[in-house]
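Structure file entry_25.txt; described as compact mmCIF, C-alpha atoms.
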```
# COMPACT_ATOMS: atom_id res chain seq x y z
CA MET A 1 87.92 98.74 90.00
CA SER A 2 88.40 97.36 86.48
CA GLU A 3 86.23 98.11 83.51
CA VAL A 4 83.39 95.79 82.63
CA ARG A 5 82.18 95.04 79.14
CA ILE A 6 78.46 94.42 78.77
CA THR A 7 77.68 92.68 75.48
CA ILE A 8 74.02 92.70 74.50
CA ARG A 9 72.70 90.76 71.54
CA PHE A 10 69.17 90.70 70.11
CA GLN A 11 67.21 90.11 66.96
CA CYS A 12 65.57 93.11 65.34
CA GLN A 13 62.77 93.21 62.82
CA PRO A 14 64.15 93.04 59.24
CA GLU A 15 62.74 96.44 58.33
CA HIS A 16 64.57 97.98 61.30
CA SER A 17 68.01 96.62 60.48
CA GLU A 18 69.27 99.79 58.78
CA HIS A 19 67.86 101.93 61.60
CA TRP A 20 69.74 99.90 64.20
CA GLN A 21 72.83 100.38 62.04
CA ALA A 22 72.31 104.15 62.32
CA VAL A 23 71.82 103.77 66.08
CA CYS A 24 75.10 101.83 66.38
CA GLU A 25 76.95 104.54 64.48
CA LEU A 26 75.60 107.27 66.74
CA LEU A 27 76.44 105.23 69.84
CA GLY A 28 80.00 104.89 68.57
CA GLN A 29 80.18 108.68 68.06
CA GLY A 30 78.95 109.30 71.61
CA LYS A 31 75.80 110.97 70.33
CA LEU A 32 73.38 109.75 72.95
CA GLY A 33 70.89 112.59 72.92
CA TRP A 34 68.33 113.90 70.48
CA GLN A 35 70.23 112.51 67.47
CA LEU A 36 69.95 108.98 68.92
CA GLN A 37 66.29 109.54 69.75
CA ASP A 38 65.60 110.68 66.18
CA ALA A 39 67.35 107.55 64.87
CA ILE A 40 65.23 105.33 67.13
CA ASP A 41 61.95 106.98 66.08
CA PRO A 42 61.51 104.68 63.01
CA ILE A 43 62.02 101.67 65.31
CA SER A 44 59.74 102.85 68.11
CA VAL A 45 58.57 106.39 68.89
CA PRO A 46 57.67 105.54 72.53
CA ALA A 47 61.12 104.00 73.04
CA ALA A 48 62.75 107.10 71.53
CA ASP A 49 60.75 109.38 73.83
CA ALA A 50 61.47 107.16 76.83
CA LEU A 51 65.20 107.82 76.47
CA ASP A 52 64.55 111.25 78.02
CA GLU A 53 63.82 109.53 81.31
CA VAL A 54 66.29 106.65 80.89
CA TRP A 55 69.31 108.95 80.88
CA ASP A 56 67.89 110.91 83.84
CA LYS A 57 68.01 107.69 85.87
CA LEU A 58 71.77 107.25 85.46
CA SER A 59 73.32 108.55 88.67
CA GLU A 60 76.48 109.73 86.92
CA GLY A 61 74.97 110.73 83.58
CA VAL A 62 75.51 109.39 80.08
CA GLU A 63 79.25 109.84 80.16
CA THR A 64 79.57 106.84 82.46
CA PHE A 65 79.76 104.32 79.69
CA GLU A 66 81.30 103.99 76.25
CA PRO A 67 78.84 102.47 73.82
CA GLY A 68 79.33 100.85 70.47
CA GLY A 69 77.61 98.29 68.31
CA GLN A 70 77.22 96.53 65.01
CA VAL A 71 74.50 94.96 62.94
CA ASP A 72 74.80 91.70 61.04
CA GLY A 73 71.60 90.95 59.17
CA ASN A 74 68.90 91.06 61.84
CA THR A 75 71.35 90.46 64.69
CA VAL A 76 72.32 93.56 66.66
CA THR A 77 75.23 93.46 69.07
CA LEU A 78 75.71 96.36 71.44
CA VAL A 79 78.74 96.72 73.65
CA LEU A 80 78.91 99.03 76.65
CA LEU A 81 82.12 99.63 78.55
CA THR A 82 81.67 100.94 82.05
CA GLY A 83 83.23 100.96 85.49
CA GLY A 84 82.47 97.99 87.71
CA LEU A 85 80.47 100.07 90.18
CA LEU A 86 77.98 101.13 87.54
CA VAL A 87 77.34 97.78 85.88
CA GLU A 88 74.20 96.98 87.83
CA GLU A 89 72.81 100.44 87.17
CA ILE A 90 73.46 100.20 83.44
CA LYS A 91 71.97 96.70 83.33
CA ASN A 92 68.88 97.68 85.30
CA ILE A 93 68.23 100.77 83.22
CA TRP A 94 69.45 99.99 79.71
CA ILE A 95 68.27 96.36 79.35
CA PRO A 96 64.61 97.07 80.26
CA TRP A 97 64.65 99.98 77.85
CA LEU A 98 65.93 97.73 75.03
CA GLU A 99 63.24 95.19 75.88
CA SER A 100 60.64 97.92 75.32
CA CYS A 101 61.82 98.14 71.69
CA PRO A 102 60.46 95.69 69.06
CA VAL A 103 63.29 93.16 69.54
CA THR A 104 63.44 89.46 70.38
CA GLU A 105 65.89 86.94 71.83
CA LEU A 106 67.67 89.58 73.86
CA ASP A 107 70.60 88.23 75.83
CA TYR A 108 73.60 89.80 77.51
CA SER A 109 76.93 88.84 79.06
CA LEU A 110 79.53 90.53 81.23
CA SER A 111 83.29 90.33 81.01
CA CYS A 112 86.08 92.18 82.76
CA GLU A 113 88.57 94.24 80.76
CA MET B 1 79.01 151.59 72.46
CA ILE B 2 80.79 150.45 69.33
CA PHE B 3 77.34 150.15 67.82
CA GLU B 4 74.51 152.06 69.45
CA THR B 5 72.17 149.12 69.44
CA PHE B 6 72.71 145.40 69.12
CA PRO B 7 73.63 144.90 65.45
CA ASN B 8 71.47 141.76 65.28
CA LYS B 9 73.21 140.42 62.18
CA THR B 10 73.14 136.77 63.23
CA ASN B 11 70.83 134.46 61.29
CA ARG B 12 69.03 133.00 64.32
CA GLU B 13 67.75 129.92 62.49
CA GLU B 14 71.22 129.00 61.30
CA GLN B 15 72.62 129.91 64.71
CA TRP B 16 70.28 127.44 66.42
CA ARG B 17 71.18 124.72 63.94
CA LEU B 18 74.89 125.21 64.70
CA ILE B 19 74.30 125.34 68.45
CA LYS B 20 72.11 122.23 68.51
CA GLU B 21 74.11 120.03 66.16
CA PRO B 22 76.96 118.90 68.45
CA ARG B 23 74.92 118.87 71.65
CA THR B 24 73.85 115.59 73.19
CA TRP B 25 70.75 117.07 74.76
CA THR B 26 67.84 114.72 75.07
CA ARG B 27 64.75 115.85 73.18
CA LYS B 28 63.28 117.00 76.49
CA GLU B 29 66.30 119.23 77.13
CA LEU B 30 66.37 120.35 73.50
CA ARG B 31 62.74 121.50 73.72
CA VAL B 32 63.50 123.54 76.85
CA TRP B 33 66.54 125.28 75.35
CA GLU B 34 64.97 125.79 71.94
CA HIS B 35 61.91 127.37 73.52
CA TYR B 36 64.19 129.63 75.55
CA PHE B 37 66.23 130.53 72.48
CA ASN B 38 63.07 131.51 70.61
CA THR B 39 61.06 133.21 73.35
CA GLY B 40 63.29 134.05 76.31
CA GLU B 41 61.06 131.88 78.54
CA PHE B 42 62.96 129.21 80.43
CA SER B 43 60.82 126.29 81.50
CA GLY B 44 63.63 124.09 82.76
CA GLY B 45 63.48 125.23 86.36
CA LYS B 46 67.13 125.67 87.20
CA ALA B 47 70.23 125.46 84.99
CA VAL B 48 73.95 125.47 85.69
CA GLN B 49 74.94 126.73 82.25
CA ALA B 50 75.36 130.47 82.79
CA GLY B 51 76.53 131.11 79.23
CA TRP B 52 73.46 129.46 77.72
CA LEU B 53 71.11 131.42 80.01
CA LEU B 54 72.77 134.68 78.99
CA PHE B 55 73.48 134.24 75.30
CA PHE B 56 70.61 132.09 74.09
CA ASN B 57 68.20 134.77 75.27
CA PRO B 58 66.78 136.62 72.25
CA VAL B 59 67.03 139.88 74.22
CA LYS B 60 70.52 141.27 74.70
CA GLN B 61 70.21 143.47 77.78
CA LEU B 62 72.00 143.27 81.11
CA ASP B 63 68.85 143.74 83.19
CA VAL B 64 67.07 140.96 81.32
CA TRP B 65 70.06 138.67 81.75
CA GLN B 66 70.30 139.48 85.46
CA ALA B 67 66.62 138.60 85.91
CA VAL B 68 67.10 135.26 84.14
CA ILE B 69 70.11 134.45 86.28
CA ASN B 70 68.24 135.41 89.46
CA ASP B 71 65.30 133.18 88.49
CA HIS B 72 66.99 130.21 86.85
CA PHE B 73 70.70 129.91 87.61
CA ASP B 74 71.49 126.92 89.83
CA GLY B 75 74.47 128.27 91.74
CA ALA B 76 74.35 125.42 94.25
CA ASN B 77 75.27 122.80 91.65
CA VAL B 78 77.61 124.56 89.29
CA GLU B 79 81.23 123.39 89.39
CA GLY B 80 83.77 126.07 90.31
CA SER B 81 85.62 125.95 87.01
CA GLU B 82 82.42 126.35 85.02
CA LEU B 83 81.74 129.87 86.23
CA THR B 84 84.71 131.99 85.33
CA ASN B 85 84.93 135.04 83.11
CA ARG B 86 86.92 133.02 80.58
CA GLU B 87 84.34 130.21 80.45
CA ILE B 88 81.48 132.68 80.08
CA LEU B 89 83.27 134.44 77.21
CA ASN B 90 84.10 131.04 75.65
CA SER B 91 80.41 130.25 75.59
CA ILE B 92 79.84 133.26 73.32
CA ASP B 93 82.22 131.53 70.89
CA TRP B 94 80.12 128.41 70.61
CA CYS B 95 76.91 130.37 70.18
CA HIS B 96 78.01 131.13 66.62
CA PHE B 97 77.13 134.83 66.61
CA HIS B 98 77.92 137.10 63.67
CA PRO B 99 81.27 138.74 64.60
CA GLU B 100 79.68 142.19 64.96
CA ASP B 101 77.09 140.78 67.37
CA HIS B 102 79.85 138.92 69.22
CA ALA B 103 81.88 142.13 69.59
CA TRP B 104 78.84 144.04 70.82
CA ILE B 105 78.11 141.41 73.49
CA PHE B 106 81.75 141.40 74.60
CA THR B 107 81.78 145.18 75.03
CA LEU B 108 78.39 145.08 76.78
CA LEU B 109 80.04 142.81 79.38
CA HIS B 110 83.52 144.32 79.51
CA GLY B 111 83.25 147.87 78.20
CA GLU B 112 84.56 149.51 75.07
CA VAL B 113 88.04 149.79 76.57
CA TYR B 114 89.91 147.60 79.04
CA ASP B 115 89.50 148.75 82.61
CA GLU B 116 91.18 146.64 85.31
CA SER B 117 88.78 147.95 87.94
CA ARG B 118 85.70 146.83 86.01
CA GLY B 119 84.01 143.75 87.41
CA PHE B 120 81.59 141.36 85.77
CA PRO B 121 78.27 143.18 85.31
CA ILE B 122 76.07 140.20 86.24
CA THR B 123 75.92 138.81 89.77
CA PHE B 124 75.44 135.08 90.23
CA PRO B 125 73.76 133.79 93.39
CA GLY B 126 76.41 132.30 95.62
CA LYS B 127 79.22 132.69 93.07
CA GLU B 128 81.58 135.46 92.14
CA VAL B 129 82.96 135.88 88.64
CA GLU B 130 86.40 137.39 88.91
CA VAL B 131 87.62 139.48 85.99
CA ASN B 132 91.36 139.87 85.59
CA LEU B 133 93.68 140.47 82.66
CA GLU B 134 94.53 136.79 82.19
CA SER B 135 90.83 135.87 81.91
CA LEU B 136 90.55 138.24 78.95
CA LEU B 137 93.71 137.29 77.05
CA VAL B 138 92.37 134.02 75.64
CA PRO B 139 88.99 135.33 74.45
CA VAL B 140 90.52 138.47 72.90
CA PHE B 141 93.88 137.33 71.52
CA GLY B 142 92.59 133.80 71.00
CA SER B 143 90.30 135.21 68.33
CA LEU B 144 93.15 136.91 66.41
CA TRP B 145 95.78 134.30 65.65
CA PRO B 146 93.41 131.59 64.27
CA TYR B 147 91.98 134.22 61.93
CA PHE B 148 95.40 135.34 60.73
CA CYS B 149 96.63 131.82 60.09
CA GLY B 150 93.46 130.77 58.29
CA LEU B 151 91.88 128.49 60.92
CA THR B 152 88.79 130.66 61.28
CA GLU B 153 86.92 132.83 58.80
CA THR B 154 85.97 135.70 61.07
CA CYS B 155 87.36 137.60 64.02
CA PHE B 156 85.07 139.54 66.31
CA VAL B 157 87.97 141.63 67.61
CA GLU B 158 88.04 143.31 64.20
CA HIS B 159 84.92 145.14 65.37
CA MET B 160 86.30 146.31 68.72
CA PHE B 161 89.76 147.59 67.84
CA GLU B 162 89.61 150.27 70.54
CA TYR B 163 89.32 147.50 73.14
CA LEU B 164 92.25 145.63 71.60
CA GLU B 165 94.36 148.81 71.74
CA SER B 166 93.51 149.40 75.38
CA ILE B 167 94.23 145.84 76.54
CA THR B 168 97.42 145.53 74.48
CA LYS B 169 98.90 148.46 76.47
CA CYS B 170 98.46 146.39 79.65
CA VAL B 171 99.83 143.09 78.40
CA PRO B 172 103.03 142.03 80.22
CA GLN B 173 106.10 142.42 78.03
CA ASP B 174 107.07 138.74 78.03
CA ALA B 175 103.62 137.80 76.70
CA PHE B 176 104.51 139.20 73.28
CA SER B 177 107.11 136.50 72.75
CA CYS B 178 105.42 133.66 74.60
CA GLU B 179 105.62 130.43 72.59
CA ASP B 180 104.59 128.01 75.32
CA SER B 181 101.21 126.70 74.17
CA PHE B 182 100.21 125.87 77.72
CA HIS B 183 100.97 129.29 79.12
CA PRO B 184 98.09 131.78 79.61
CA TYR B 185 100.10 134.32 77.59
CA SER B 186 100.44 132.09 74.53
CA PRO B 187 97.47 133.62 72.61
CA VAL B 188 99.34 136.95 72.72
CA GLY B 189 102.60 135.46 71.44
CA LYS B 190 100.79 133.58 68.69
CA SER B 191 98.83 136.68 67.69
CA VAL B 192 102.07 138.66 67.37
CA LYS B 193 103.62 135.94 65.22
CA TYR B 194 100.68 135.37 62.90
CA ALA B 195 99.73 139.06 62.61
CA GLN B 196 103.25 139.71 61.35
CA GLN B 197 103.11 136.85 58.86
CA CYS B 198 99.69 137.87 57.57
CA ALA B 199 100.63 141.55 57.40
CA ASN B 200 103.53 140.69 55.09
CA ARG B 201 101.38 138.91 52.50
CA SER B 202 100.96 140.59 49.16
CA LEU B 203 97.79 142.55 48.49
CA LYS B 204 98.33 142.29 44.71
CA SER B 205 96.60 139.00 43.97
CA ALA B 206 94.54 138.90 47.17
CA THR B 207 90.80 138.25 47.04
CA GLU B 208 88.51 140.80 48.67
CA GLU B 209 88.35 138.68 51.85
CA GLU B 210 92.11 138.16 51.97
CA ARG B 211 92.71 141.87 51.40
CA LYS B 212 90.48 142.74 54.32
CA LYS B 213 92.38 140.25 56.51
CA ILE B 214 95.82 141.51 55.44
CA LEU B 215 94.87 145.14 56.07
CA PHE B 216 93.54 144.23 59.52
CA ALA B 217 96.71 142.24 60.24
CA GLN B 218 98.78 145.30 59.29
CA LYS B 219 96.75 147.44 61.70
CA VAL B 220 97.18 144.89 64.50
CA ASN B 221 100.88 144.42 63.73
CA ALA B 222 101.41 148.19 63.92
CA LEU B 223 99.64 148.21 67.28
CA PHE B 224 101.79 145.37 68.63
CA GLU B 225 104.94 147.13 67.38
CA GLN B 226 104.13 150.04 69.69
CA TYR B 227 104.17 147.86 72.80
CA ARG B 228 106.23 144.73 72.21
CA PRO B 229 109.78 144.74 73.53
CA LYS B 230 112.30 145.67 70.86
CA ASP B 231 114.89 142.95 70.03
```
Represent the structure from my file as structure tokens, please.
Amino acid sequence: MSEVRITIRFQCQPEHSEHWQAVCELLGQGKLGWQLQDAIDPISVPAADALDEVWDKLSEGVETFEPGGQVDGNTVTLVLLTGGLLVEEIKNIWIPWLESCPVTELDYSLSCE
Amino acid sequence: MIFETFPNKTNREEQWRLIKEPRTWTRKELRVWEHYFNTGEFSGGKAVQAGWLLFFNPVKQLDVWQAVINDHFDGANVEGSELTNREILNSIDWCHFHPEDHAWIFTLLHGEVYDESRGFPITFPGKEVEVNLESLLVPVFGSLWPYFCGLTETCFVEHMFEYLESITKCVPQDAFSCEDSFHPYSPVGKSVKYAQQCANRSLKSATEEERKKILFAQKVNALFEQYRPKD
């Protein structure tokens, strides 16, 4: 099964732009644990705490996708690369979690690698 | 024992910072392991990481470790390759102990001298940890050559020279010249090479640290000379 790229785009609050930049850097470094949660704290403490349970829900763990992202003004673009079998799981777990953060106009698209 | 009691020279606060930094634990997992590191109480139910259960514990005693393993080790879910003597000894490495503490822990597990009949002193439910010569070569000799060629700043084997002497006697002859990086004997071959190079450095303009390293390299080189095949 080929890899699938999930591209997620949303608008963040202006005061959170630099924090989402820090989040994107940690995602790119594969630091998906406490360091990521600490970086999300200034954006939303409940969302940061909720990541404890979000990762638990992934059947194959956090190594099942390669994350990355970038920030342009208030527009945040996250990209997750994962195997085709796990796309639905990532979508159903990661997207609702993002929606619990103070973001707007969230949209996503899928493409095959 | 090389030291009668656990030397306890590790700065535990700094140790935890170094352990935690590269880990991708969630905060929930971090709280569990940090609490265990500080108190010896494990609230995570079951864990597959034998090394963490042993070496994070603030108490360094075999009976305490055995009790923790009995209560909290998840033998049903650990992968086969994760519970070997070599992996357990590797996990001491990334606990960032002071080298004297590291040496003490090694000899607590494997004795002050190499003994091929000695098994692993902790039993794991449903799993056996086999101890053989090859499983000891990487942890022991793998600590020497990086120190001699400047990749690491300390070497715990410096504090258990009697063990090094005893295991060197048992090393197969062709290990001393092994240059194949993928071969289990390669840490021996590399240690021979870099001990010799380091031993030949001048003491004249050496700093205190370099002097200490050169003198140790000379001691190790002399030991290897007793047992390596002559050209």
**Request:** Would you kindly return, as JSON, numbers by chain, each protein, DNA or RNA residue with an atom no farther than 10 Å from any atom of Gln196 of chain B, considering only C-alpha atoms and excluding same-chain residues fewer than 6 positions away?
**Result:** {"B": [148, 190, 214, 217, 218, 220, 221, 222, 224, 225]}
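Within 7 Å of chain A, and using all atoms listed in the file, the residues found on chain B are Thr24, Trp25, Thr26, Arg27 and Lys28 of chain B.
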**Request:** Counting all atoms listed in the file, write as a list of chain:residue names all protein and nucleic acid residues lying at most 9 Å from (99.2, 142.6, 74.7) in the file's frame.
**Result:**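 Nearby residues: B:Leu137, B:Phe141, B:Leu164, B:Glu165, B:Ser166, B:Ile167, B:Thr168, B:Lys169, B:Cys170, B:Val171, B:Pro172, B:Gln173, B:Ala175, B:Phe176, B:Tyr185, B:Val188, B:Gly189, B:Val192, B:Phe224, B:Tyr227, B:Arg228.
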**Request:** Determine, counting only C-alpha atoms, which protein, DNA and RNA residues have an atom within 9 Å of an atom of Ile43 of chain A; residues of the same chain fewer than 5 positions away are not included. Present the result as a count of residues only.
**Result:** 8
**Asked** Counting only C-alpha atoms, what is within 9 Å of Asp107 of chain A, bar same-chain residues fewer than 3 positions away, as a ChimeraX atom specification?
**Response** /A:7-10
**Item:** Residue among A:Asn92, A:Thr104, A:Thr82, A:Ser17 lying closest to Ile40 of chain A, counting all atoms listed in the file
**Value:**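 The closest residue to Ile40 of chain A is A:Ser17.
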**Message:** Rounded to one decimal, what separation in Å do you get between atom CA of Thr75 of chain A and atom CA of Cys12 of chain A?
**Reply:** 6.4 Å
**Request:** Kindly provide, as a PyMOL selection string, the polymer residues lying within 6 Å of (77.7, 97.8, 77.9), counting only C-alpha atoms and using the coordinates exactly as they appear in the file.
**Result:** chain A and resi 5-7+79-81
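For the residues A:Val71, A:Val45, A:Leu106, A:Cys112, ranking by smallest atom-to-atom distance to Gly84 of chain A using all atoms listed in the file places A:Cys112 first.
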**Request:** Can you work out the spacing between atom CA of Glu105 of chain A and atom CA of Ser2 of chain A in Å, to one decimal?
**Result:**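 Atom CA of Ser2 of chain A lies 28.8 Å from atom CA of Glu105 of chain A.
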Segment 131-167 of chain B rebuilt with N, CA and C atoms, output as a PDB file, in the coordinates of the input:
```
ATOM      1  N   VAL B 131      87.106 139.022  87.291  1.00  0.00           N
ATOM      2  CA  VAL B 131      87.620 139.480  85.990  1.00  0.00           C
ATOM      3  C   VAL B 131      89.035 139.977  86.208  1.00  0.00           C
ATOM      4  N   ASN B 132      89.992 139.360  85.557  1.00  0.00           N
ATOM      5  CA  ASN B 132      91.360 139.870  85.590  1.00  0.00           C
ATOM      6  C   ASN B 132      91.916 139.819  84.175  1.00  0.00           C
ATOM      7  N   LEU B 133      93.113 140.370  84.007  1.00  0.00           N
ATOM      8  CA  LEU B 133      93.680 140.470  82.660  1.00  0.00           C
ATOM      9  C   LEU B 133      93.817 139.102  82.012  1.00  0.00           C
ATOM     10  N   GLU B 134      94.311 138.122  82.773  1.00  0.00           N
ATOM     11  CA  GLU B 134      94.530 136.790  82.190  1.00  0.00           C
ATOM     12  C   GLU B 134      93.228 136.182  81.669  1.00  0.00           C
ATOM     13  N   SER B 135      92.107 136.466  82.334  1.00  0.00           N
ATOM     14  CA  SER B 135      90.830 135.870  81.910  1.00  0.00           C
ATOM     15  C   SER B 135      90.327 136.474  80.606  1.00  0.00           C
ATOM     16  N   LEU B 136      90.974 137.573  80.189  1.00  0.00           N
ATOM     17  CA  LEU B 136      90.550 138.240  78.950  1.00  0.00           C
ATOM     18  C   LEU B 136      91.501 137.943  77.794  1.00  0.00           C
ATOM     19  N   LEU B 137      92.710 137.486  78.110  1.00  0.00           N
ATOM     20  CA  LEU B 137      93.710 137.290  77.050  1.00  0.00           C
ATOM     21  C   LEU B 137      93.270 136.213  76.051  1.00  0.00           C
ATOM     22  N   VAL B 138      92.763 135.087  76.563  1.00  0.00           N
ATOM     23  CA  VAL B 138      92.370 134.020  75.640  1.00  0.00           C
ATOM     24  C   VAL B 138      91.200 134.440  74.756  1.00  0.00           C
ATOM     25  N   PRO B 139      90.115 134.950  75.335  1.00  0.00           N
ATOM     26  CA  PRO B 139      88.990 135.330  74.450  1.00  0.00           C
ATOM     27  C   PRO B 139      89.384 136.392  73.428  1.00  0.00           C
ATOM     28  N   VAL B 140      90.206 137.374  73.828  1.00  0.00           N
ATOM     29  CA  VAL B 140      90.520 138.470  72.900  1.00  0.00           C
ATOM     30  C   VAL B 140      91.597 138.044  71.908  1.00  0.00           C
ATOM     31  N   PHE B 141      92.786 137.682  72.428  1.00  0.00           N
ATOM     32  CA  PHE B 141      93.880 137.330  71.520  1.00  0.00           C
ATOM     33  C   PHE B 141      93.671 135.971  70.879  1.00  0.00           C
ATOM     34  N   GLY B 142      92.905 135.120  71.550  1.00  0.00           N
ATOM     35  CA  GLY B 142      92.590 133.800  71.000  1.00  0.00           C
ATOM     36  C   GLY B 142      91.691 133.869  69.789  1.00  0.00           C
ATOM     37  N   SER B 143      91.127 135.047  69.525  1.00  0.00           N
ATOM     38  CA  SER B 143      90.300 135.210  68.330  1.00  0.00           C
ATOM     39  C   SER B 143      91.161 135.686  67.152  1.00  0.00           C
ATOM     40  N   LEU B 144      92.316 136.303  67.453  1.00  0.00           N
ATOM     41  CA  LEU B 144      93.150 136.910  66.410  1.00  0.00           C
ATOM     42  C   LEU B 144      93.965 135.882  65.635  1.00  0.00           C
ATOM     43  N   TRP B 145      94.806 135.108  66.382  1.00  0.00           N
ATOM     44  CA  TRP B 145      95.780 134.300  65.650  1.00  0.00           C
ATOM     45  C   TRP B 145      95.141 133.223  64.758  1.00  0.00           C
ATOM     46  N   PRO B 146      94.021 132.556  65.198  1.00  0.00           N
ATOM     47  CA  PRO B 146      93.410 131.590  64.270  1.00  0.00           C
ATOM     48  C   PRO B 146      92.907 132.254  62.990  1.00  0.00           C
ATOM     49  N   TYR B 147      92.460 133.487  63.096  1.00  0.00           N
ATOM     50  CA  TYR B 147      91.980 134.220  61.930  1.00  0.00           C
ATOM     51  C   TYR B 147      93.147 134.513  60.983  1.00  0.00           C
ATOM     52  N   PHE B 148      94.258 134.982  61.559  1.00  0.00           N
ATOM     53  CA  PHE B 148      95.400 135.340  60.730  1.00  0.00           C
ATOM     54  C   PHE B 148      96.052 134.124  60.080  1.00  0.00           C
ATOM     55  N   CYS B 149      95.982 132.966  60.737  1.00  0.00           N
ATOM     56  CA  CYS B 149      96.630 131.820  60.090  1.00  0.00           C
ATOM     57  C   CYS B 149      95.619 130.932  59.358  1.00  0.00           C
ATOM     58  N   GLY B 150      94.411 131.436  59.168  1.00  0.00           N
ATOM     59  CA  GLY B 150      93.460 130.770  58.290  1.00  0.00           C
ATOM     60  C   GLY B 150      92.620 129.672  58.931  1.00  0.00           C
ATOM     61  N   LEU B 151      92.677 129.540  60.262  1.00  0.00           N
ATOM     62  CA  LEU B 151      91.880 128.490  60.920  1.00  0.00           C
ATOM     63  C   LEU B 151      90.427 128.894  61.089  1.00  0.00           C
ATOM     64  N   THR B 152      90.170 130.182  61.160  1.00  0.00           N
ATOM     65  CA  THR B 152      88.790 130.660  61.280  1.00  0.00           C
ATOM     66  C   THR B 152      88.530 131.694  60.184  1.00  0.00           C
ATOM     67  N   GLU B 153      87.261 131.915  59.903  1.00  0.00           N
ATOM     68  CA  GLU B 153      86.920 132.830  58.800  1.00  0.00           C
ATOM     69  C   GLU B 153      86.604 134.234  59.280  1.00  0.00           C
ATOM     70  N   THR B 154      86.324 134.372  60.565  1.00  0.00           N
ATOM     71  CA  THR B 154      85.970 135.700  61.070  1.00  0.00           C
ATOM     72  C   THR B 154      86.697 135.968  62.376  1.00  0.00           C
ATOM     73  N   CYS B 155      86.691 137.207  62.777  1.00  0.00           N
ATOM     74  CA  CYS B 155      87.360 137.600  64.020  1.00  0.00           C
ATOM     75  C   CYS B 155      86.561 138.746  64.625  1.00  0.00           C
ATOM     76  N   PHE B 156      85.927 138.502  65.758  1.00  0.00           N
ATOM     77  CA  PHE B 156      85.070 139.540  66.310  1.00  0.00           C
ATOM     78  C   PHE B 156      85.864 140.757  66.787  1.00  0.00           C
ATOM     79  N   VAL B 157      87.136 140.538  67.095  1.00  0.00           N
ATOM     80  CA  VAL B 157      87.970 141.630  67.610  1.00  0.00           C
ATOM     81  C   VAL B 157      88.162 142.725  66.553  1.00  0.00           C
ATOM     82  N   GLU B 158      87.966 142.343  65.296  1.00  0.00           N
ATOM     83  CA  GLU B 158      88.040 143.310  64.200  1.00  0.00           C
ATOM     84  C   GLU B 158      87.038 144.452  64.427  1.00  0.00           C
ATOM     85  N   HIS B 159      85.979 144.161  65.168  1.00  0.00           N
ATOM     86  CA  HIS B 159      84.920 145.140  65.370  1.00  0.00           C
ATOM     87  C   HIS B 159      85.012 145.818  66.744  1.00  0.00           C
ATOM     88  N   MET B 160      86.098 145.626  67.439  1.00  0.00           N
ATOM     89  CA  MET B 160      86.300 146.310  68.720  1.00  0.00           C
ATOM     90  C   MET B 160      87.793 146.617  68.865  1.00  0.00           C
ATOM     91  N   PHE B 161      88.317 147.308  67.881  1.00  0.00           N
ATOM     92  CA  PHE B 161      89.760 147.590  67.840  1.00  0.00           C
ATOM     93  C   PHE B 161      90.173 148.483  69.003  1.00  0.00           C
ATOM     94  N   GLU B 162      89.288 149.370  69.423  1.00  0.00           N
ATOM     95  CA  GLU B 162      89.610 150.270  70.540  1.00  0.00           C
ATOM     96  C   GLU B 162      89.880 149.433  71.804  1.00  0.00           C
ATOM     97  N   TYR B 163      89.098 148.365  71.973  1.00  0.00           N
ATOM     98  CA  TYR B 163      89.320 147.500  73.140  1.00  0.00           C
ATOM     99  C   TYR B 163      90.671 146.803  73.015  1.00  0.00           C
ATOM    100  N   LEU B 164      90.969 146.312  71.814  1.00  0.00           N
ATOM    101  CA  LEU B 164      92.250 145.630  71.600  1.00  0.00           C
ATOM    102  C   LEU B 164      93.412 146.569  71.910  1.00  0.00           C
ATOM    103  N   GLU B 165      93.309 147.828  71.455  1.00  0.00           N
ATOM    104  CA  GLU B 165      94.360 148.810  71.740  1.00  0.00           C
ATOM    105  C   GLU B 165      94.550 148.962  73.239  1.00  0.00           C
ATOM    106  N   SER B 166      93.431 149.110  73.956  1.00  0.00           N
ATOM    107  CA  SER B 166      93.510 149.400  75.380  1.00  0.00           C
ATOM    108  C   SER B 166      94.052 148.215  76.169  1.00  0.00           C
ATOM    109  N   ILE B 167      93.739 146.996  75.762  1.00  0.00           N
ATOM    110  CA  ILE B 167      94.230 145.840  76.540  1.00  0.00           C
ATOM    111  C   ILE B 167      95.672 145.515  76.164  1.00  0.00           C
TER     112      ILE B 167
END
```
